[in-house]
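For reference, protein-v6.cif is printed below; it contains mmCIF, C-alpha atoms.
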```cif
data_protein
#
loop_
_atom_site.label_atom_id
_atom_site.label_comp_id
_atom_site.auth_asym_id
_atom_site.auth_seq_id
_atom_site.Cartn_x
_atom_site.Cartn_y
_atom_site.Cartn_z
CA MET A 209 75.59 116.95 138.61
CA GLU A 210 72.12 115.44 138.78
CA THR A 211 69.53 116.78 141.18
CA TRP A 212 67.44 114.27 143.10
CA ILE A 213 64.10 114.59 144.84
CA GLU A 214 63.67 112.72 148.09
CA VAL A 215 60.26 111.28 148.88
CA ASP A 216 59.62 110.42 152.50
CA VAL A 217 56.50 108.30 153.01
CA ARG A 218 55.00 107.64 156.45
CA VAL A 219 53.03 104.42 156.72
CA PRO A 220 51.51 102.44 159.61
CA GLU A 221 54.21 100.40 161.39
CA GLY A 222 54.29 96.79 160.23
CA LEU A 223 53.12 97.68 156.73
CA GLU A 224 56.48 98.97 155.47
CA GLU A 225 57.10 96.02 153.14
CA LEU A 226 53.61 96.11 151.73
CA ALA A 227 53.88 99.85 151.17
CA ALA A 228 57.36 99.47 149.65
CA GLU A 229 55.98 97.11 147.05
CA ALA A 230 53.30 99.61 146.06
CA LEU A 231 55.69 102.58 146.06
CA LEU A 232 58.54 101.02 144.11
CA ALA A 233 57.74 101.76 140.48
CA ALA A 234 59.31 104.08 137.87
CA PRO A 235 60.86 106.59 138.30
CA LEU A 236 61.90 105.07 141.65
CA THR A 237 64.51 102.32 141.46
CA GLY A 238 65.22 101.54 145.10
CA LEU A 239 64.27 102.60 148.60
CA GLU A 240 65.22 102.60 152.26
CA LEU A 241 62.96 101.10 154.93
CA ALA A 242 62.79 102.31 158.53
CA PRO A 243 60.06 101.68 161.11
CA GLY A 244 56.93 103.45 159.84
CA ARG A 245 58.86 105.13 157.08
CA LEU A 246 60.03 104.65 153.50
CA ARG A 247 62.54 106.89 151.82
CA SER A 248 63.15 106.90 148.10
CA TYR A 249 64.59 109.16 145.43
CA PHE A 250 64.03 110.14 141.82
CA LEU A 251 65.72 112.50 139.39
CA ALA A 252 64.34 116.05 139.26
CA VAL A 253 63.93 115.75 135.47
CA ASN A 254 61.21 113.16 136.12
CA ASP A 255 59.38 115.31 138.65
CA SER A 256 55.81 116.47 138.17
CA GLU A 257 52.69 116.96 140.25
CA ALA A 258 51.27 113.80 138.70
CA VAL A 259 54.33 111.73 139.58
CA ARG A 260 54.19 112.94 143.19
CA ALA A 261 50.46 112.37 143.49
CA GLY A 262 50.84 108.91 141.95
CA MET A 263 53.34 107.82 144.58
CA LEU A 264 51.12 108.83 147.47
CA ALA A 265 48.02 107.37 145.80
CA ARG A 266 49.67 104.00 145.12
CA VAL A 267 50.76 103.57 148.72
CA ALA A 268 47.51 104.88 150.22
CA ALA A 269 45.45 102.56 148.02
CA ALA A 270 47.62 99.54 148.82
CA VAL A 271 47.39 100.18 152.57
CA GLU A 272 43.62 100.67 152.38
CA ARG A 273 43.10 97.64 150.18
CA SER A 274 45.20 95.38 152.40
CA GLY A 275 42.59 95.74 155.13
CA LEU A 276 45.45 96.23 157.63
CA GLY A 277 45.60 100.03 157.65
CA ARG A 278 43.87 103.20 156.51
CA ALA A 279 44.72 105.39 153.54
CA CYS A 280 44.51 108.44 155.79
CA ASP A 281 47.47 107.13 157.82
CA VAL A 282 49.73 107.47 154.77
CA ASP A 283 51.51 110.72 154.14
CA ALA A 284 54.31 111.75 151.77
CA THR A 285 56.67 114.71 151.80
CA PHE A 286 59.04 115.73 149.01
CA LYS A 287 62.36 117.51 149.26
CA THR A 288 64.85 118.64 146.63
CA MET A 289 68.32 117.45 147.58
CA LYS A 290 71.55 119.34 147.14
CA PRO A 291 73.50 117.78 144.27
CA ILE A 292 76.12 115.51 145.81
CA ASP A 293 78.56 113.03 144.33
CA TRP A 294 78.29 110.27 146.92
CA ASN A 295 81.52 108.55 145.90
CA VAL A 296 83.41 111.79 146.53
CA VAL A 297 81.74 112.26 149.91
CA TRP A 298 83.06 108.94 151.06
CA ARG A 299 86.55 109.50 149.66
CA GLU A 300 86.84 112.90 151.29
CA SER A 301 85.97 111.40 154.64
CA LEU A 302 89.12 109.29 154.31
CA ARG A 303 91.56 112.00 155.16
CA PRO A 304 95.04 110.78 156.07
CA PHE A 305 95.82 110.67 159.77
CA ARG A 306 98.86 110.19 161.98
CA VAL A 307 99.19 107.77 164.81
CA GLY A 308 102.58 107.39 166.53
CA PRO A 309 105.20 107.41 163.75
CA PHE A 310 102.65 106.22 161.17
CA ALA A 311 100.91 108.25 158.49
CA VAL A 312 97.84 106.24 157.49
CA VAL A 313 96.80 107.29 153.99
CA PRO A 314 94.37 106.07 151.30
CA HIS A 315 96.17 103.76 148.88
CA ASP A 316 96.11 106.32 146.04
CA PHE A 317 97.19 109.22 148.26
CA ALA A 318 99.02 111.82 146.18
CA GLY A 319 99.89 114.33 148.90
CA THR A 320 103.22 114.68 150.66
CA VAL A 321 104.29 113.15 153.95
CA ARG A 322 107.13 114.03 156.32
CA PRO A 323 110.43 112.25 155.71
CA THR A 324 110.14 110.68 159.16
CA ASP A 325 106.64 109.29 158.57
CA VAL A 326 106.20 105.55 158.30
CA VAL A 327 103.55 105.43 155.59
CA LEU A 328 100.76 102.85 155.82
CA LYS A 329 98.58 102.68 152.73
CA LEU A 330 95.12 101.49 153.62
CA GLU A 331 91.91 101.07 151.63
CA PRO A 332 89.08 100.39 154.06
CA GLY A 333 87.25 97.37 152.77
CA GLY A 334 83.91 95.79 153.40
CA SER A 335 84.88 93.55 156.26
CA TYR A 336 87.40 95.77 157.99
CA GLY A 337 87.66 99.30 159.19
CA THR A 338 89.65 102.40 158.46
CA GLY A 339 92.33 101.98 161.09
CA ARG A 340 90.75 104.82 163.05
CA HIS A 341 89.24 102.72 165.79
CA PRO A 342 90.84 103.61 169.14
CA SER A 343 91.87 100.00 169.72
CA THR A 344 93.82 99.98 166.44
CA ARG A 345 95.43 103.35 167.19
CA PHE A 346 96.51 102.19 170.63
CA ALA A 347 98.01 99.01 169.21
CA LEU A 348 99.90 100.97 166.53
CA ARG A 349 101.37 103.29 169.17
CA TYR A 350 102.50 100.44 171.39
CA LEU A 351 103.89 98.60 168.40
CA ALA A 352 106.09 101.58 167.50
CA ARG A 353 107.41 101.65 171.09
CA SER A 354 108.05 97.92 171.44
CA LEU A 355 109.33 96.78 168.08
CA ARG A 356 113.03 96.51 167.31
CA PRO A 357 114.21 96.03 163.71
CA GLY A 358 114.68 92.35 162.97
CA ASP A 359 111.99 91.23 165.46
CA ARG A 360 109.63 88.36 164.75
CA VAL A 361 106.00 89.37 165.24
CA LEU A 362 102.74 87.43 165.66
CA ASP A 363 99.38 89.14 165.02
CA ALA A 364 96.54 87.16 166.64
CA GLY A 365 93.23 88.05 164.95
CA SER A 366 94.89 89.94 162.10
CA GLY A 367 91.66 91.19 160.41
CA SER A 368 92.65 93.66 157.70
CA GLY A 369 96.32 92.87 158.39
CA ILE A 370 97.09 96.45 159.41
CA LEU A 371 99.09 95.57 162.55
CA ALA A 372 101.21 92.86 160.91
CA VAL A 373 101.90 95.14 157.95
CA ALA A 374 102.73 98.04 160.28
CA ALA A 375 105.20 95.77 162.10
CA ALA A 376 106.88 94.86 158.81
CA ARG A 377 107.02 98.56 157.84
CA LEU A 378 108.85 99.22 161.10
CA GLY A 379 111.44 96.62 160.21
CA ALA A 380 110.14 93.32 161.58
CA ARG A 381 111.96 90.40 159.97
CA GLU A 382 108.82 88.28 159.95
CA ALA A 383 105.18 89.17 160.65
CA LEU A 384 102.71 86.30 160.86
CA GLY A 385 98.99 87.06 161.08
CA PHE A 386 96.19 84.60 161.66
CA ASP A 387 92.43 85.02 161.88
CA VAL A 388 89.41 82.74 161.92
CA ASP A 389 87.81 84.96 159.25
CA PRO A 390 88.78 83.60 155.80
CA ASN A 391 88.65 87.16 154.38
CA ALA A 392 91.64 88.05 156.53
CA VAL A 393 94.11 86.11 154.38
CA PRO A 394 93.46 87.88 151.03
CA SER A 395 92.96 91.17 152.86
CA GLY A 396 96.28 90.90 154.70
CA GLU A 397 98.16 89.75 151.61
CA GLU A 398 96.80 92.61 149.55
CA LEU A 399 97.67 95.15 152.24
CA ALA A 400 101.20 93.74 152.57
CA GLU A 401 101.65 93.88 148.79
CA ARG A 402 100.36 97.45 148.64
CA ASN A 403 102.83 98.50 151.32
CA GLY A 404 105.79 96.71 149.78
CA VAL A 405 106.30 94.22 152.62
CA ALA A 406 104.72 91.06 151.14
CA GLN A 407 108.04 89.19 151.47
CA ARG A 408 108.07 89.58 155.24
CA CYS A 409 104.34 89.05 155.93
CA ARG A 410 102.41 85.82 156.03
CA PHE A 411 98.71 85.28 156.76
CA VAL A 412 96.92 82.06 157.62
CA CYS A 413 93.30 81.21 158.37
CA GLY A 414 92.40 79.57 161.67
CA ASP A 415 92.84 80.01 165.42
CA PHE A 416 95.88 79.14 167.53
CA GLY A 417 95.70 75.53 166.28
CA VAL A 418 96.71 76.63 162.77
CA LEU A 419 100.16 77.77 163.95
CA ALA A 420 103.09 75.44 163.23
CA ALA A 421 105.50 74.23 165.92
CA ALA A 422 108.09 76.66 164.55
CA ASP A 423 105.68 79.59 164.97
CA THR A 424 106.83 80.32 168.49
CA ALA A 425 109.22 82.45 170.59
CA PHE A 426 107.99 85.67 168.98
CA ASP A 427 109.57 88.93 170.12
CA VAL A 428 106.26 90.79 169.87
CA VAL A 429 102.74 89.35 169.99
CA LEU A 430 99.85 91.62 168.93
CA ALA A 431 96.27 90.83 169.88
CA ASN A 432 93.62 93.39 168.96
CA LEU A 433 90.66 91.27 170.02
CA HIS A 434 87.76 91.36 172.45
CA ALA A 435 88.53 91.12 176.17
CA ASP A 436 86.75 87.76 176.48
CA LEU A 437 88.99 86.27 173.77
CA LEU A 438 92.11 87.79 175.34
CA GLN A 439 91.17 86.30 178.71
CA ALA A 440 90.33 82.89 177.26
CA HIS A 441 93.52 82.73 175.21
CA ALA A 442 95.98 84.41 177.59
CA GLY A 443 97.82 81.09 177.91
CA ASP A 444 97.92 80.56 174.14
CA LEU A 445 99.35 84.05 173.67
CA ALA A 446 102.01 83.54 176.34
CA ALA A 447 102.98 80.18 174.83
CA ARG A 448 103.91 81.86 171.56
CA MET A 449 106.05 84.59 173.16
CA ARG A 450 109.73 84.34 173.91
CA LYS A 451 110.77 84.95 177.52
CA GLY A 452 110.96 88.73 177.89
CA GLY A 453 108.90 89.17 174.72
CA ALA A 454 106.26 91.91 174.47
CA LEU A 455 102.49 91.49 174.38
CA ILE A 456 100.34 94.27 172.95
CA ALA A 457 96.70 93.58 173.75
CA SER A 458 93.93 95.89 172.57
CA GLY A 459 90.19 95.95 171.99
CA ILE A 460 89.56 95.86 175.75
CA ARG A 461 86.52 97.68 177.14
CA VAL A 462 87.64 99.71 180.17
CA GLU A 463 85.35 97.72 182.47
CA GLU A 464 87.29 94.55 181.54
CA ASP A 465 90.59 96.02 182.82
CA GLU A 466 90.88 94.02 186.02
CA ARG A 467 89.68 90.66 184.67
CA THR A 468 92.04 90.91 181.68
CA ARG A 469 95.08 91.76 183.88
CA LEU A 470 94.31 88.79 186.12
CA ALA A 471 94.06 86.43 183.14
CA PHE A 472 97.40 87.69 181.81
CA ALA A 473 99.05 87.41 185.23
CA ALA A 474 97.89 83.81 185.50
CA ALA A 475 99.53 83.13 182.13
CA GLY A 476 102.84 84.67 183.25
CA ILE A 477 102.41 88.02 181.48
CA THR A 478 103.03 91.17 183.53
CA VAL A 479 101.12 94.23 182.34
CA HIS A 480 103.27 97.33 182.83
CA ALA A 481 101.45 100.03 180.87
CA THR A 482 97.97 100.86 179.60
CA MET A 483 96.45 103.40 177.21
CA ARG A 484 92.89 104.47 177.76
CA GLY A 485 90.19 106.16 175.79
CA ARG A 486 86.64 106.79 176.90
CA LYS A 487 85.47 103.22 176.29
CA TRP A 488 88.49 101.29 175.03
CA MET A 489 91.90 100.48 176.41
CA ALA A 490 95.06 98.66 175.45
CA MET A 491 97.71 96.92 177.54
CA SER A 492 101.39 96.37 177.04
CA GLY A 493 103.08 93.55 178.94
CA THR A 494 106.06 91.25 179.09
CA ARG A 495 106.33 87.51 179.53
CA SER A 496 108.31 86.73 182.65
CA MET B 59 88.73 93.31 166.18
CA ALA B 60 86.53 95.17 168.55
CA LYS B 61 83.34 95.90 166.70
CA GLU B 62 80.28 97.88 167.72
CA VAL B 63 77.19 98.19 165.57
CA LYS B 64 76.55 101.79 164.56
CA ALA B 65 73.49 101.30 162.38
CA ILE B 66 71.39 98.76 160.55
CA VAL B 67 70.21 99.96 157.16
CA LYS B 68 67.49 98.21 155.16
CA LEU B 69 67.30 98.85 151.43
CA GLN B 70 65.47 97.41 148.46
CA LEU B 71 67.59 97.64 145.33
CA PRO B 72 67.57 96.35 141.76
CA ALA B 73 69.60 93.12 141.69
CA GLY B 74 72.92 93.48 139.89
CA GLN B 75 72.24 97.12 139.08
CA ALA B 76 72.71 99.15 142.25
CA THR B 77 74.64 102.42 141.92
CA PRO B 78 76.17 104.89 144.41
CA ALA B 79 73.27 107.25 143.58
CA PRO B 80 70.34 107.51 146.00
CA PRO B 81 69.06 105.62 147.90
CA VAL B 82 72.44 103.92 148.45
CA GLY B 83 74.49 107.13 148.71
CA PRO B 84 72.47 108.97 151.36
CA ALA B 85 71.63 105.81 153.32
CA LEU B 86 75.23 104.58 153.62
CA GLY B 87 77.15 107.82 153.10
CA GLN B 88 75.89 109.25 156.38
CA HIS B 89 77.53 106.31 158.17
CA GLY B 90 80.85 106.66 156.32
CA VAL B 91 80.57 103.35 154.48
CA ASN B 92 82.66 102.69 151.35
CA ILE B 93 79.73 103.10 148.97
CA GLY B 94 81.58 101.93 145.86
CA GLN B 95 82.60 98.72 147.54
CA PHE B 96 79.10 98.00 148.84
CA VAL B 97 77.64 98.54 145.36
CA LYS B 98 80.19 96.23 143.77
CA GLU B 99 79.66 93.47 146.33
CA TYR B 100 75.86 93.76 146.21
CA ASN B 101 75.84 93.58 142.43
CA ASP B 102 78.20 90.61 142.40
CA ARG B 103 76.06 88.74 144.90
CA THR B 104 72.73 89.47 143.19
CA ARG B 105 73.78 89.21 139.55
CA ALA B 106 71.84 85.97 139.06
CA GLU B 107 68.59 87.69 140.07
CA GLN B 108 68.72 90.62 137.64
CA GLY B 109 65.34 92.12 136.94
CA MET B 110 64.22 91.53 140.53
CA ILE B 111 64.29 93.79 143.55
CA VAL B 112 66.43 92.16 146.21
CA PRO B 113 66.13 93.53 149.76
CA VAL B 114 69.37 93.89 151.67
CA GLU B 115 70.17 94.52 155.32
CA ILE B 116 73.49 96.27 155.95
CA THR B 117 75.10 96.28 159.39
CA VAL B 118 77.47 99.23 159.76
CA TYR B 119 80.06 99.17 162.55
CA THR B 120 81.59 102.14 164.37
CA ASP B 121 84.89 101.60 162.52
CA ARG B 122 82.88 102.11 159.29
CA SER B 123 83.27 98.53 158.16
CA PHE B 124 80.09 96.76 157.11
CA ARG B 125 78.54 93.39 156.42
CA PHE B 126 75.34 92.75 154.56
CA ILE B 127 72.86 89.98 153.95
CA THR B 128 70.44 89.78 151.08
CA LYS B 129 66.88 88.84 151.98
CA THR B 130 64.06 86.92 150.41
CA PRO B 131 62.32 88.57 147.42
CA PRO B 132 59.46 90.95 148.33
CA ALA B 133 56.16 89.19 149.10
CA SER B 134 54.60 90.73 145.99
CA VAL B 135 57.03 88.84 143.76
CA LEU B 136 56.21 85.55 145.47
CA ILE B 137 52.46 86.27 145.33
CA LYS B 138 52.57 87.06 141.62
CA LYS B 139 54.49 83.86 141.02
CA ALA B 140 51.94 81.85 143.01
CA ALA B 141 49.07 83.51 141.12
CA GLY B 142 50.78 82.86 137.78
CA LEU B 143 50.87 86.57 136.91
CA ALA B 144 53.54 88.62 135.19
CA LYS B 145 52.70 91.73 137.20
CA GLY B 146 50.31 93.22 139.73
CA SER B 147 47.30 95.31 138.78
CA GLY B 148 49.60 98.34 138.74
CA THR B 149 46.60 100.56 139.30
CA THR B 150 44.92 101.93 142.35
CA GLY B 151 41.56 100.59 141.17
CA THR B 152 39.58 97.79 142.65
CA GLU B 153 39.58 95.14 139.94
CA ILE B 154 40.63 91.59 140.84
CA ILE B 155 43.37 90.33 138.57
CA GLY B 156 44.12 86.93 140.03
CA LYS B 157 43.91 84.67 143.03
CA VAL B 158 46.06 82.71 145.45
CA THR B 159 45.01 79.97 147.84
CA LYS B 160 45.33 80.02 151.63
CA SER B 161 47.91 77.23 151.45
CA GLN B 162 50.00 79.26 148.99
CA VAL B 163 49.74 82.19 151.40
CA ARG B 164 51.01 79.95 154.18
CA GLN B 165 53.98 78.83 152.06
CA ILE B 166 54.88 82.44 151.24
CA ALA B 167 54.46 83.47 154.87
CA GLU B 168 56.80 80.67 155.96
CA LYS B 169 59.41 81.82 153.46
CA LYS B 170 59.04 85.46 154.49
CA MET B 171 58.86 84.86 158.26
CA PRO B 172 62.48 85.84 158.98
CA ASP B 173 62.02 89.23 157.28
CA LEU B 174 58.52 90.22 158.33
CA ASN B 175 59.00 90.92 162.04
CA SER B 176 55.86 88.87 162.63
CA GLY B 177 55.53 87.08 165.92
CA SER B 178 53.66 84.10 164.50
CA ILE B 179 52.92 82.38 161.22
CA GLU B 180 49.33 83.64 161.50
CA ALA B 181 50.53 87.24 161.78
CA ALA B 182 52.86 86.73 158.81
CA MET B 183 49.97 85.23 156.79
CA LYS B 184 47.88 88.28 157.60
CA VAL B 185 50.54 90.56 156.13
CA VAL B 186 50.92 88.36 153.04
CA MET B 187 47.12 88.32 152.52
CA GLY B 188 47.05 92.08 152.96
CA THR B 189 49.78 92.43 150.36
CA ALA B 190 47.85 90.19 147.95
CA ARG B 191 44.66 92.24 148.39
CA SER B 192 46.62 95.47 147.94
CA MET B 193 47.77 94.15 144.57
CA GLY B 194 44.30 93.18 143.39
CA ILE B 195 44.80 89.49 144.09
CA GLU B 196 42.06 87.59 145.84
CA VAL B 197 42.79 85.06 148.58
CA VAL B 198 40.61 81.93 148.27
CA ASP B 199 40.26 78.86 150.47
CA GLY B 200 42.30 75.85 149.50
#
```

Could you render the structure as structure tokens?
Amino acid sequence: METWIEVDVRVPEGLEELAAEALLAAPLTGLELAPGRLRSYFLAVNDSEAVRAGMLARVAAAVERSGLGRACDVDATFKTMKPIDWNVVWRESLRPFRVGPFAVVPHDFAGTVRPTDVVLKLEPGGSYGTGRHPSTRFALRYLARSLRPGDRVLDAGSGSGILAVAAARLGAREALGFDVDPNAVPSGEELAERNGVAQRCRFVCGDFGVLAAADTAFDVVLANLHADLLQAHAGDLAARMRKGGALIASGIRVEEDERTRLAFAAAGITVHATMRGRKWMAMSGTRS
Amino acid sequence: MAKEVKAIVKLQLPAGQATPAPPVGPALGQHGVNIGQFVKEYNDRTRAEQGMIVPVEITVYTDRSFRFITKTPPASVLIKKAAGLAKGSGTTGTEIIGKVTKSQVRQIAEKKMPDLNSGSIEAAMKVVMGTARSMGIEVVDG
């Protein structure tokens, strides 16, 4: 594996861009900017005293010449990095994990799972997370407790599609996800396909207005959103639930507990259980 | 989804040719970002500008998802274009290799304002003029 040298250049604050332009020349191909600091890298095979001195000299001269700073305020340190394959680092951080009955695994997972595991194959994408966020874990746990095979499920703010797909994996007859983010539709469809439940999952782009008249009387409604959205749309959520249907609301900061309960109560939803982490909580309720 | 910003990472990378190697790997790897996916998306988005350095600002969330925006080209590129030069002096000497006018500086400063953290157009112009001088390009009235 290739060995890289890290160069860490300290420059006067405000002159980072100017310094970056002076620094960025062969063998450097890119850099990172932070306040008063530039970090860049080059291959050890290109290292020499002259290369190192050149980097410092270029930046010092540019700062001096700009009239906005002094060459003596520029300093550079060099460090040989341990050889690392950065793609592997990321992949290894994606270890499978269990939540409720689910085993959440990378999509190309080759290991073994327990016969009782409900496998969810997930590839964390650009827009969405890894399924590890407490609010997602809480929602998955509640889903496993509430869902009966054959249920119809609505996922409000479906994002990656993980909750709708999890519902289908548990035996939901129909799982409909919607999200204002246009990425959510391809993301959800791909996830459903990958988990073999594309036939029972559907994703649409928009807010509550995008739902058809027939998209109502759901047995389970999932809403992993922010508390302010849950409060504002408590009535919309209730309107899509059947009488006695279950609401699983997550993504609630603990300090929003009371306000969110009140909004649900006003919409005819009784909260009967909560799960709490340090900062986040989830609620499970029923429409009366 | 509940999202909290974990870090904002600023990089300057070759358009259409970024790789998971440093600086991308160390900068994003420490925050658990899907490096391969970032590289692919960055290269797709910047393909048309190959040969240029395109700055990018990546917002990483606590759930390890990310979004990024590409920024305006570095001031030096805009200055060289205004001065009609292929490249800067490339030396640390003191020779003058070209010139730009004050009004060109103002135009560049206006374009760069969102990225420069400058409080005013005057402050942004100061940075642009400083960059020009640092490259061996003289700023003249006009």

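Each of B:Ala190, B:Val97, B:Met110, B:Val197 was checked against chain A using all atoms listed in the file; the smallest atom-to-atom distance is that of B:Ala190.
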
> Which neighbours of segment 449-454 of chain A fall inside 7 Å, counting all atoms listed in the file, when residues of the same chain fewer than 5 positions from it are skipped, and could you give them as an MDAnalysis selection string?
Replying inline: chainID A and resid 354 424:429 493:496

>> Residues of chain A within 7 Å of chain B, counting only C-alpha atoms - could you list those as a ChimeraX atom specification?
In response: /A:226,229,237-241,248-249,266,269-271,273-276,294-295,298,333-338,340-341,367,432-434,459

Residues from last step as file, C-alpha atoms, as a compact mmCIF listing (two decimals), keeping the file's coordinate frame:
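And here's selection.txt as it stands now:
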```
# COMPACT_ATOMS: atom_id res chain seq x y z
CA LEU A 226 53.61 96.11 151.73
CA GLU A 229 55.98 97.11 147.05
CA THR A 237 64.51 102.32 141.46
CA GLY A 238 65.22 101.54 145.10
CA LEU A 239 64.27 102.60 148.60
CA GLU A 240 65.22 102.60 152.26
CA LEU A 241 62.96 101.10 154.93
CA SER A 248 63.15 106.90 148.10
CA TYR A 249 64.59 109.16 145.43
CA ARG A 266 49.67 104.00 145.12
CA ALA A 269 45.45 102.56 148.02
CA ALA A 270 47.62 99.54 148.82
CA VAL A 271 47.39 100.18 152.57
CA ARG A 273 43.10 97.64 150.18
CA SER A 274 45.20 95.38 152.40
CA GLY A 275 42.59 95.74 155.13
CA LEU A 276 45.45 96.23 157.63
CA TRP A 294 78.29 110.27 146.92
CA ASN A 295 81.52 108.55 145.90
CA TRP A 298 83.06 108.94 151.06
CA GLY A 333 87.25 97.37 152.77
CA GLY A 334 83.91 95.79 153.40
CA SER A 335 84.88 93.55 156.26
CA TYR A 336 87.40 95.77 157.99
CA GLY A 337 87.66 99.30 159.19
CA THR A 338 89.65 102.40 158.46
CA ARG A 340 90.75 104.82 163.05
CA HIS A 341 89.24 102.72 165.79
CA GLY A 367 91.66 91.19 160.41
CA ASN A 432 93.62 93.39 168.96
CA LEU A 433 90.66 91.27 170.02
CA HIS A 434 87.76 91.36 172.45
CA GLY A 459 90.19 95.95 171.99
```

>> Could you list, as an NGL selection string, every residue matched by the PyMOL selection byres ((chain A and resi 260) around 12) in this structure?
In response: :A and (213-217 or 231 or 234-236 or 248-250 or 252 or 254-259 or 261-267 or 283-287)

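Atom CA of Val326 of chain A is found 5.8 Å from atom CA of Pro309 of chain A.
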
> atom CA of Ala73 of chain B to atom CA of Glu272 of chain A: how many Å, to one decimal?
Replying inline: 29.1 Å

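Residues in contact range of Phe386 of chain A, defined as at most 8 Å between all atoms listed in the file, with sequence neighbours fewer than 3 positions away removed, read A:Asp363, A:Ala364, A:Gly365, A:Ser366, A:Ala392, A:Val393, A:Phe411, A:Val412, A:Cys413, A:Gly414, A:Asp415.
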
>> What's the separation between atom CA of Leu362 of chain A and atom CA of Arg303 of chain A, in Å to one decimal place?
In response: 29.0 Å

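Shortest atom-to-atom contact with Ala420 of chain A among A:Leu470, A:Ala446, A:Leu384, A:Val296: A:Leu384, counting all atoms listed in the file.
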
> Which one of A:Val418, A:Glu225, A:Met491, A:Trp212 sits closest to Pro131 of chain B if you count only C-alpha atoms?
Replying inline: A:Glu225

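With only the atoms specified (only C-alpha atoms) counting, those residues at most 6 Å away from (102.5, 98.3, 165.7) are Ala347, Leu348, Leu351, Ala352, Leu371, Ala374 and Ala375 of chain A.
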
>> Could you tell me, as a VMD selection string, exactly which residues end up selected when the PyMOL selection byres ((chain A and resi 376-383) around 7) is applied to this structure?
In response: chain A and resid 357 to 362 372 to 375 384 to 385 405 408 to 410

> Where does the PyMOL selection byres ((chain B and resi 157) around 6) land in this file, that is, which residues does it pick, as a ChimeraX atom specification?
Replying inline: /B:141,156,158,195-197

Centre and edge lengths of an axis-aligned box around all listed atoms of segment 155-161 of chain B, with 5 Å added on each side, are to be given in Å to one decimal, as AutoDock Vina command-line options.
```
--center_x 45.6 --center_y 83.8 --center_z 145.1 --size_x 14.5 --size_y 23.1 --size_z 23.1
```

>> What's around Ala442 of chain A at 8 Å? Count only C-alpha atoms, leave out sequence neighbours fewer than 2 positions away in its own chain, and write the answer as a PyMOL selection string.
In response: chain A and resi 438-440+444-446+471-472+475

>> Here is a test: counting only C-alpha atoms, which residue of B:Leu143, B:Val63, B:Ile127, B:Val198 is nearest to Gln162 of chain B?
In response: B:Val198

>> So that I can check the surroundings of Met183 of chain B, please list as a VMD selection string every protein, DNA and RNA residue that reaches within 7 Å of it, counting all atoms listed in the file and ignoring chain neighbours fewer than 6 positions away.
In response: chain B and resid 163 to 164 167
